[in-house]
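With mmCIF, C-alpha atoms inside, this is structure-v8.cif:
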```
data_start
#
loop_
_atom_site.label_atom_id
_atom_site.label_comp_id
_atom_site.auth_asym_id
_atom_site.auth_seq_id
_atom_site.Cartn_x
_atom_site.Cartn_y
_atom_site.Cartn_z
CA MET F 1 1.18 -16.65 -23.06
CA ARG F 2 -2.58 -15.99 -22.93
CA ASP F 3 -4.47 -13.65 -25.22
CA PRO F 4 -3.94 -10.15 -23.74
CA TYR F 5 -7.60 -9.27 -24.32
CA GLN F 6 -8.61 -12.25 -22.18
CA VAL F 7 -6.02 -11.34 -19.56
CA LEU F 8 -7.53 -7.86 -19.14
CA GLY F 9 -11.11 -9.12 -19.59
CA ILE F 10 -11.93 -6.80 -22.51
CA SER F 11 -13.14 -7.17 -26.09
CA LYS F 12 -11.03 -6.62 -29.18
CA THR F 13 -13.00 -3.45 -29.89
CA ALA F 14 -12.03 -1.91 -26.52
CA SER F 15 -10.87 1.69 -26.62
CA ALA F 16 -7.60 2.98 -25.16
CA ALA F 17 -9.57 4.29 -22.17
CA ASP F 18 -11.17 0.84 -21.67
CA ILE F 19 -7.73 -0.78 -21.70
CA LYS F 20 -6.37 1.70 -19.17
CA GLN F 21 -9.38 1.31 -16.88
CA ALA F 22 -9.23 -2.50 -16.99
CA PHE F 23 -5.50 -2.47 -16.25
CA ARG F 24 -5.86 -0.12 -13.27
CA LYS F 25 -8.63 -2.25 -11.78
CA LEU F 26 -6.68 -5.50 -12.12
CA ALA F 27 -3.36 -3.96 -11.08
CA LYS F 28 -4.94 -2.72 -7.87
CA GLU F 29 -6.43 -6.15 -7.16
CA TYR F 30 -3.29 -8.15 -7.96
CA HIS F 31 -0.54 -5.78 -6.84
CA PRO F 32 2.17 -7.88 -5.10
CA ASP F 33 2.12 -5.54 -2.09
CA SER F 34 -1.44 -6.67 -1.33
CA ARG F 35 -0.37 -10.29 -0.86
CA PRO F 36 3.43 -10.43 -0.68
CA ASP F 37 3.49 -14.10 0.42
CA ASP F 38 1.47 -15.36 -2.56
CA PRO F 39 3.75 -15.99 -5.59
CA LYS F 40 0.72 -16.50 -7.85
CA VAL F 41 -0.30 -12.89 -7.30
CA ALA F 42 3.08 -11.67 -8.54
CA GLU F 43 2.82 -13.89 -11.63
CA ARG F 44 -0.70 -12.66 -12.31
CA PHE F 45 0.42 -9.05 -11.96
CA LYS F 46 3.28 -9.68 -14.38
CA GLU F 47 0.83 -11.17 -16.90
CA ILE F 48 -1.53 -8.18 -16.50
CA SER F 49 1.34 -5.69 -16.95
CA ALA F 50 2.59 -7.46 -20.10
CA ALA F 51 -0.92 -7.47 -21.60
CA HIS F 52 -1.36 -3.77 -20.85
CA GLN F 53 2.07 -2.94 -22.29
CA LEU F 54 1.16 -4.62 -25.58
CA LEU F 55 -2.40 -3.32 -25.97
CA SER F 56 -1.65 0.23 -24.81
CA ASN F 57 0.86 0.58 -27.66
CA PRO F 58 -1.21 1.22 -30.84
CA GLU F 59 1.53 -0.15 -33.12
CA LYS F 60 1.99 -3.37 -31.15
CA ARG F 61 -1.75 -3.82 -30.75
CA GLY F 62 -2.22 -3.53 -34.51
CA GLN F 63 0.52 -6.06 -35.14
CA TYR F 64 -1.06 -8.47 -32.68
CA ASP F 65 -4.56 -8.04 -34.15
CA ARG F 66 -3.18 -8.71 -37.63
CA GLY F 67 -1.44 -11.84 -36.40
CA GLU F 68 2.04 -10.46 -36.96
CA ILE F 69 3.25 -10.93 -33.38
CA ASN F 70 2.44 -13.21 -30.47
CA ALA F 71 1.07 -12.14 -27.10
CA ASP F 72 4.62 -11.86 -25.75
CA GLY F 73 5.61 -9.48 -28.56
CA THR F 74 7.69 -11.97 -30.55
CA PRO F 75 6.96 -12.15 -34.31
CA ARG F 76 4.95 -14.90 -35.90
CA ALA F 77 6.36 -16.60 -38.99
CA PRO F 78 4.06 -16.55 -42.07
CA GLN F 79 1.71 -19.52 -42.36
CA PHE F 80 1.20 -21.32 -45.67
CA HIS F 81 -1.12 -24.28 -46.15
CA GLY F 82 -1.12 -26.85 -48.90
CA PHE F 83 2.44 -26.22 -50.07
CA GLN F 84 3.47 -29.21 -52.13
CA HIS F 85 6.88 -30.54 -52.97
CA ALA F 86 7.27 -33.21 -55.61
CA GLY F 87 10.02 -35.44 -54.36
CA GLY F 88 11.81 -38.26 -56.15
CA GLY F 89 8.82 -39.72 -57.93
CA GLY F 90 6.90 -40.09 -54.71
CA ALA F 91 3.60 -38.57 -53.61
CA PRO F 92 3.31 -34.80 -53.19
CA PHE F 93 4.91 -33.71 -49.92
CA GLU F 94 2.67 -31.32 -47.94
CA PHE F 95 3.85 -28.93 -45.23
CA GLU F 96 2.08 -26.61 -42.83
CA PHE F 97 4.22 -23.77 -41.62
CA SER F 98 3.71 -22.14 -38.23
CA SER F 99 5.77 -20.20 -35.73
CA SER F 100 7.32 -23.46 -34.55
CA GLY F 101 8.73 -24.23 -37.99
CA ALA F 102 7.72 -26.64 -40.79
CA ARG F 103 6.10 -29.96 -40.11
CA PRO F 104 5.01 -32.71 -42.52
CA GLY F 105 1.34 -32.66 -43.43
CA GLY F 106 1.15 -35.77 -45.61
CA ALA F 107 3.10 -38.63 -47.09
CA GLY F 108 6.52 -38.18 -48.64
CA GLY F 109 10.21 -38.65 -48.13
CA ALA F 110 11.80 -37.64 -44.83
CA GLY F 111 14.83 -35.39 -44.58
CA GLY F 112 15.74 -32.61 -47.05
CA PRO F 113 12.58 -30.50 -47.45
CA ASP F 114 11.64 -30.53 -43.78
CA ASP F 115 15.15 -29.68 -42.63
CA PHE F 116 15.67 -27.00 -45.25
CA LEU F 117 12.38 -25.22 -44.71
CA SER F 118 12.63 -25.45 -40.95
CA GLU F 119 16.04 -23.79 -41.11
CA PHE F 120 14.70 -21.18 -43.55
CA PHE F 121 11.79 -20.14 -41.35
CA SER F 122 14.01 -20.23 -38.29
CA GLY F 123 16.09 -17.54 -40.02
CA ILE F 124 12.96 -15.50 -40.71
CA ARG F 125 11.93 -15.69 -37.06
CA GLY F 126 15.43 -14.62 -35.96
CA ALA F 127 15.41 -11.64 -38.29
CA GLY F 128 11.92 -10.76 -37.13
CA ARG F 129 12.95 -10.63 -33.53
CA ARG F 130 15.63 -8.17 -34.37
CA ALA F 131 13.17 -6.12 -36.37
CA PHE F 132 10.63 -6.05 -33.52
CA ARG F 133 13.14 -5.32 -30.76
CA THR F 134 11.45 -2.66 -28.64
CA ARG F 135 12.25 -0.83 -25.43
CA GLY F 136 10.17 -1.53 -22.33
CA GLU F 137 7.53 0.84 -21.02
CA ASP F 138 8.45 3.57 -18.53
CA LEU F 139 6.67 2.99 -15.22
CA LYS F 140 5.60 5.86 -12.97
CA TYR F 141 5.70 5.96 -9.17
CA SER F 142 5.18 8.60 -6.51
CA LEU F 143 7.26 9.12 -3.39
CA ALA F 144 6.50 11.46 -0.48
CA VAL F 145 9.53 12.87 1.37
CA SER F 146 9.85 15.20 4.34
CA PHE F 147 10.73 18.88 3.87
CA LEU F 148 14.11 18.37 5.57
CA ASP F 149 15.00 15.32 3.44
CA ALA F 150 14.10 17.30 0.32
CA ALA F 151 16.27 20.21 1.50
CA ARG F 152 19.29 18.19 2.63
CA GLY F 153 19.01 15.17 0.32
CA GLY F 154 19.19 11.54 1.34
CA LYS F 155 17.99 8.07 0.38
CA GLU F 156 14.53 6.52 0.36
CA ARG F 157 13.65 2.86 -0.23
CA ILE F 158 10.77 2.01 -2.56
CA LYS F 159 9.19 -1.30 -3.55
CA LEU F 160 8.35 -1.93 -7.20
CA PRO F 161 5.27 -3.93 -8.33
CA ASN F 162 7.50 -6.88 -9.21
CA GLY F 163 8.57 -7.08 -5.57
CA LYS F 164 12.01 -5.59 -6.14
CA THR F 165 13.17 -2.89 -3.72
CA LEU F 166 15.39 0.01 -4.71
CA ASN F 167 17.23 2.82 -2.95
CA VAL F 168 16.28 6.17 -4.49
CA THR F 169 18.81 8.97 -4.05
CA ILE F 170 17.03 12.23 -3.20
CA PRO F 171 19.13 15.17 -4.45
CA ALA F 172 19.47 18.09 -2.04
CA GLY F 173 17.02 20.85 -2.91
CA VAL F 174 14.61 18.60 -4.85
CA LYS F 175 11.35 20.38 -5.62
CA ASP F 176 7.78 19.26 -5.09
CA GLY F 177 6.60 17.55 -8.29
CA GLN F 178 10.14 16.94 -9.58
CA GLN F 179 10.75 13.60 -11.31
CA ILE F 180 13.66 11.23 -10.69
CA ARG F 181 14.55 8.72 -13.42
CA LEU F 182 15.83 5.23 -12.51
CA ARG F 183 17.43 3.81 -15.65
CA GLY F 184 16.43 0.28 -16.61
CA GLN F 185 13.97 -0.22 -13.73
CA GLY F 186 10.79 -0.01 -15.82
CA GLY F 187 8.87 -2.54 -17.90
CA GLU F 188 10.65 -5.38 -19.69
CA GLY F 189 11.57 -4.89 -23.34
CA SER F 190 10.29 -7.06 -26.20
CA GLY F 191 12.39 -9.14 -28.55
CA GLY F 192 15.47 -8.64 -26.43
CA GLY F 193 15.00 -4.88 -26.22
CA PRO F 194 16.19 -2.90 -23.17
CA ALA F 195 13.98 -2.34 -20.15
CA GLY F 196 12.23 0.97 -19.68
CA ASP F 197 12.86 3.37 -16.82
CA ALA F 198 11.13 3.96 -13.51
CA LEU F 199 9.97 7.56 -13.15
CA VAL F 200 9.59 8.58 -9.51
CA GLN F 201 7.64 11.78 -8.88
CA ILE F 202 8.53 13.51 -5.62
CA THR F 203 5.94 15.01 -3.29
CA VAL F 204 7.45 17.21 -0.56
CA LYS F 205 5.50 17.17 2.70
CA PRO F 206 4.81 20.56 4.33
CA HIS F 207 6.84 21.56 7.40
CA ALA F 208 5.58 22.99 10.67
CA PHE F 209 7.39 26.33 10.26
CA PHE F 210 9.68 26.22 7.19
CA GLU F 211 8.29 27.35 3.84
CA ARG F 212 10.04 27.20 0.47
CA ASP F 213 10.28 30.32 -1.72
CA GLY F 214 12.35 29.41 -4.79
CA ASP F 215 15.83 28.69 -3.45
CA ASN F 216 15.06 30.63 -0.25
CA ILE F 217 13.42 29.41 2.93
CA ARG F 218 11.00 31.53 4.92
CA VAL F 219 10.38 31.20 8.64
CA THR F 220 8.48 33.30 11.19
CA LEU F 221 10.45 33.71 14.43
CA PRO F 222 8.68 34.65 17.69
CA ILE F 223 10.64 37.06 19.93
CA SER F 224 9.92 38.45 23.38
CA LEU F 225 9.11 42.07 24.19
CA PRO F 226 12.51 42.66 25.87
CA GLU F 227 14.30 41.16 22.81
CA ALA F 228 12.32 43.48 20.54
CA VAL F 229 13.05 46.60 22.62
CA LEU F 230 16.59 45.91 23.76
CA GLY F 231 17.80 43.71 20.91
CA GLY F 232 20.10 40.76 21.43
CA LYS F 233 21.16 37.39 20.14
CA VAL F 234 18.58 34.66 19.59
CA GLU F 235 18.65 31.11 18.23
CA VAL F 236 17.05 30.51 14.82
CA PRO F 237 16.26 27.07 13.34
CA THR F 238 17.58 26.32 9.83
CA VAL F 239 17.53 23.15 7.73
CA ASP F 240 21.13 22.57 8.86
CA GLY F 241 20.43 23.12 12.57
CA ASN F 242 20.13 26.12 14.90
CA VAL F 243 22.24 29.23 14.36
CA THR F 244 22.62 32.49 16.32
CA MET F 245 21.16 35.70 14.90
CA THR F 246 21.26 39.27 16.21
CA VAL F 247 17.92 41.06 16.64
CA PRO F 248 18.39 44.83 16.36
CA LYS F 249 17.04 47.18 19.06
CA ASN F 250 13.48 48.46 18.66
CA ALA F 251 12.53 45.64 16.33
CA ASN F 252 8.90 45.30 15.26
CA SER F 253 6.68 42.43 14.27
CA GLY F 254 6.98 41.98 10.52
CA ASP F 255 10.60 43.09 10.32
CA LYS F 256 12.59 40.74 8.06
CA LEU F 257 16.16 39.60 8.58
CA ARG F 258 18.29 37.57 6.15
CA LEU F 259 20.58 34.63 6.90
CA LYS F 260 22.92 34.35 3.91
CA GLY F 261 23.48 30.90 2.44
CA LYS F 262 21.06 29.16 4.79
CA GLY F 263 18.53 28.36 2.07
CA LEU F 264 18.43 25.56 -0.51
CA PRO F 265 21.08 24.43 -3.03
CA GLN F 266 20.82 26.30 -6.33
CA ALA F 267 20.77 24.61 -9.74
CA GLY F 268 24.16 23.91 -11.24
CA GLY F 269 25.94 23.99 -7.89
CA LYS F 270 26.06 27.79 -7.89
CA GLY F 271 25.64 28.11 -4.14
CA ARG F 272 22.63 28.29 -1.87
CA GLY F 273 19.70 30.56 -1.33
CA ASP F 274 19.05 32.46 1.91
CA GLN F 275 16.76 32.05 4.87
CA LEU F 276 14.36 34.95 5.31
CA VAL F 277 13.32 35.45 8.95
CA THR F 278 10.17 37.43 9.79
CA LEU F 279 10.06 38.65 13.40
CA GLN F 280 6.89 38.31 15.45
CA ILE F 281 6.65 39.85 18.94
CA ARG F 282 4.95 37.49 21.37
CA LEU F 283 3.77 38.49 24.84
CA PRO F 284 3.86 35.92 27.65
CA ASP F 285 0.87 33.66 28.04
CA GLY F 286 -1.52 34.64 30.84
CA ALA F 287 -1.77 37.90 32.78
CA ASP F 288 1.38 39.63 33.99
CA GLU F 289 0.41 42.35 36.45
CA LYS F 290 3.86 43.94 36.58
CA LEU F 291 3.99 44.24 32.80
CA ARG F 292 0.47 45.68 32.78
CA ASP F 293 1.29 48.26 35.44
CA PHE F 294 4.47 49.24 33.64
CA VAL F 295 2.69 49.67 30.30
CA GLU F 296 -0.12 51.72 31.88
CA GLU F 297 2.38 54.11 33.42
CA TRP F 298 4.49 54.19 30.24
CA ALA F 299 1.43 54.88 28.07
CA LYS F 300 0.61 58.00 30.07
CA GLN F 301 3.87 59.53 28.93
CA GLN F 302 3.48 58.60 25.24
CA SER F 303 1.36 60.05 22.46
CA TYR F 304 2.45 58.02 19.43
CA ASN F 305 -0.15 56.37 17.15
CA PRO F 306 1.10 53.20 15.37
CA ARG F 307 -1.82 53.48 12.91
CA ALA F 308 -1.11 57.07 11.89
CA GLY F 309 -0.06 55.97 8.39
CA ILE F 310 -3.22 53.97 7.76
CA LYS F 311 -5.94 56.22 6.36
CA ILE F 312 -8.92 55.44 4.13
#
```

Could you render the structure from this file as structure tokens?
Amino acid sequence: MRDPYQVLGISKTASAADIKQAFRKLAKEYHPDSRPDDPKVAERFKEISAAHQLLSNPEKRGQYDRGEINADGTPRAPQFHGFQHAGGGGAPFEFEFSSSGARPGGAGGAGGPDDFLSEFFSGIRGAGRRAFRTRGEDLKYSLAVSFLDAARGGKERIKLPNGKTLNVTIPAGVKDGQQIRLRGQGGEGSGGGPAGDALVQITVKPHAFFERDGDNIRVTLPISLPEAVLGGKVEVPTVDGNVTMTVPKNANSGDKLRLKGKGLPQAGGKGRGDQLVTLQIRLPDGADEKLRDFVEEWAKQQSYNPRAGIKI
């Protein structure tokens, strides 16, 4: 695996902000969604993500800079040069130890020392892997859902940077900004460690006439003049479909009615909120001469002032 600094195109003195900025720039350029038919792009994105995961972790970065681990997060075995073994009256036997084990560096007998030391350092490497076993990074995503899907719940399909697609279960009543955790769908772990999680942040799109108020839903309902004066039954939209509601006689714009249990699911399965309906009297579009004549005649017989209570 390549040097992570070279992968991100930064120097070894780069700050955490420099690392983040370089990763974002490259991730945007090499995101698999940009060129889904090019397998090299996916491999490049994987390399960029692995480099960022290592360098964005101060502990791992320090271990890499000190030569304690490789670019893929696996530990490096200690290196010794010039180690000599006097064997059976022969010339000194030199070994150079690296992460791949011991190898002869000079003349000497074959067998014993090489095999023994190779096995010894293999044990060190195995123990090191267990010591450096780390969990993968949590990856964050955002998902926009409709108001009705957020209210009723459902499923949405998302595509991860590695090309994998997942079905995300949207719980009924999910709030704007709420986070959903997908276990084991994040970055790969190091040294055999478990994968991180995918954290999906929900954005709820606004609705044309529904508005959330805690666990309640607010809606403004237009009614006609006859419905306001005479009362009657009218249809009201809810997140579960239309229902029938009774408008009382002599209703006014601004009057509020409550539909019990027609709101959003409450936390802990304790029931549902309500739908709060605000009435709004709407006159017909365009001129209606009969209505005008009636109101003119009716007004002559009335002396009420609807603004009597408003005084400065």

Compile the contact shell of segment 25-37 of chain F as a ChimeraX atom specification: residues with an atom at most 12 Å away, counting only C-alpha atoms, same-chain residues fewer than 2 positions apart removed.
/F:7-10,18-23,39-52,158-165

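The coordinates place atom CA of Leu283 of chain F at 20.3 Å from atom CA of Tyr304 of chain F.
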
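Coordinates place atom CA of Gly241 of chain F at a distance of 24.9 Å from atom CA of Leu225 of chain F.
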
Evaluate the PyMOL selection byres ((chain F and resi 183) around 7) and record the selected residues as a PyMOL selection string, following the chain and residue labels used in the document.
chain F and resi 181-182+184-185+197-198

Between atom CA of Asn242 of chain F and atom CA of Gly269 of chain F, what is the distance in Å, rounded to a tenth?
23.6 Å

Need to verify the contact set: Glu211 of chain F, 10 Å, all atoms listed in the file, exclusion of same-chain residues closer than 6 positions in sequence. Can you return it as a ChimeraX atom specification?
/F:147,217-220,275-276

C-alpha atoms of the current selection, written as a CSV table (one decimal), keeping the file's coordinate frame:
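As a result, selection32.csv now contains:
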```
chain,number,residue,atom,x,y,z
F,147,PHE,CA,10.7,18.9,3.9
F,217,ILE,CA,13.4,29.4,2.9
F,218,ARG,CA,11.0,31.5,4.9
F,219,VAL,CA,10.4,31.2,8.6
F,220,THR,CA,8.5,33.3,11.2
F,275,GLN,CA,16.8,32.0,4.9
F,276,LEU,CA,14.4,35.0,5.3
```

Let me know the centre plus edge lengths, in Å and rounded to one decimal, of a box with edges along x, y and z that contains all listed atoms of segment 148-166 of chain F and is padded by 6 Å on every side, as lines of an AutoDock Vina configuration file.
```
center_x = 12.3
center_y = 6.6
center_z = -1.8
size_x = 26.0
size_y = 39.3
size_z = 26.8
```

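Counting all atoms listed in the file and comparing F:Pro306, F:Pro248, F:Asp215, F:Glu227, the residue that lies closest to Gly271 of chain F is F:Asp215.
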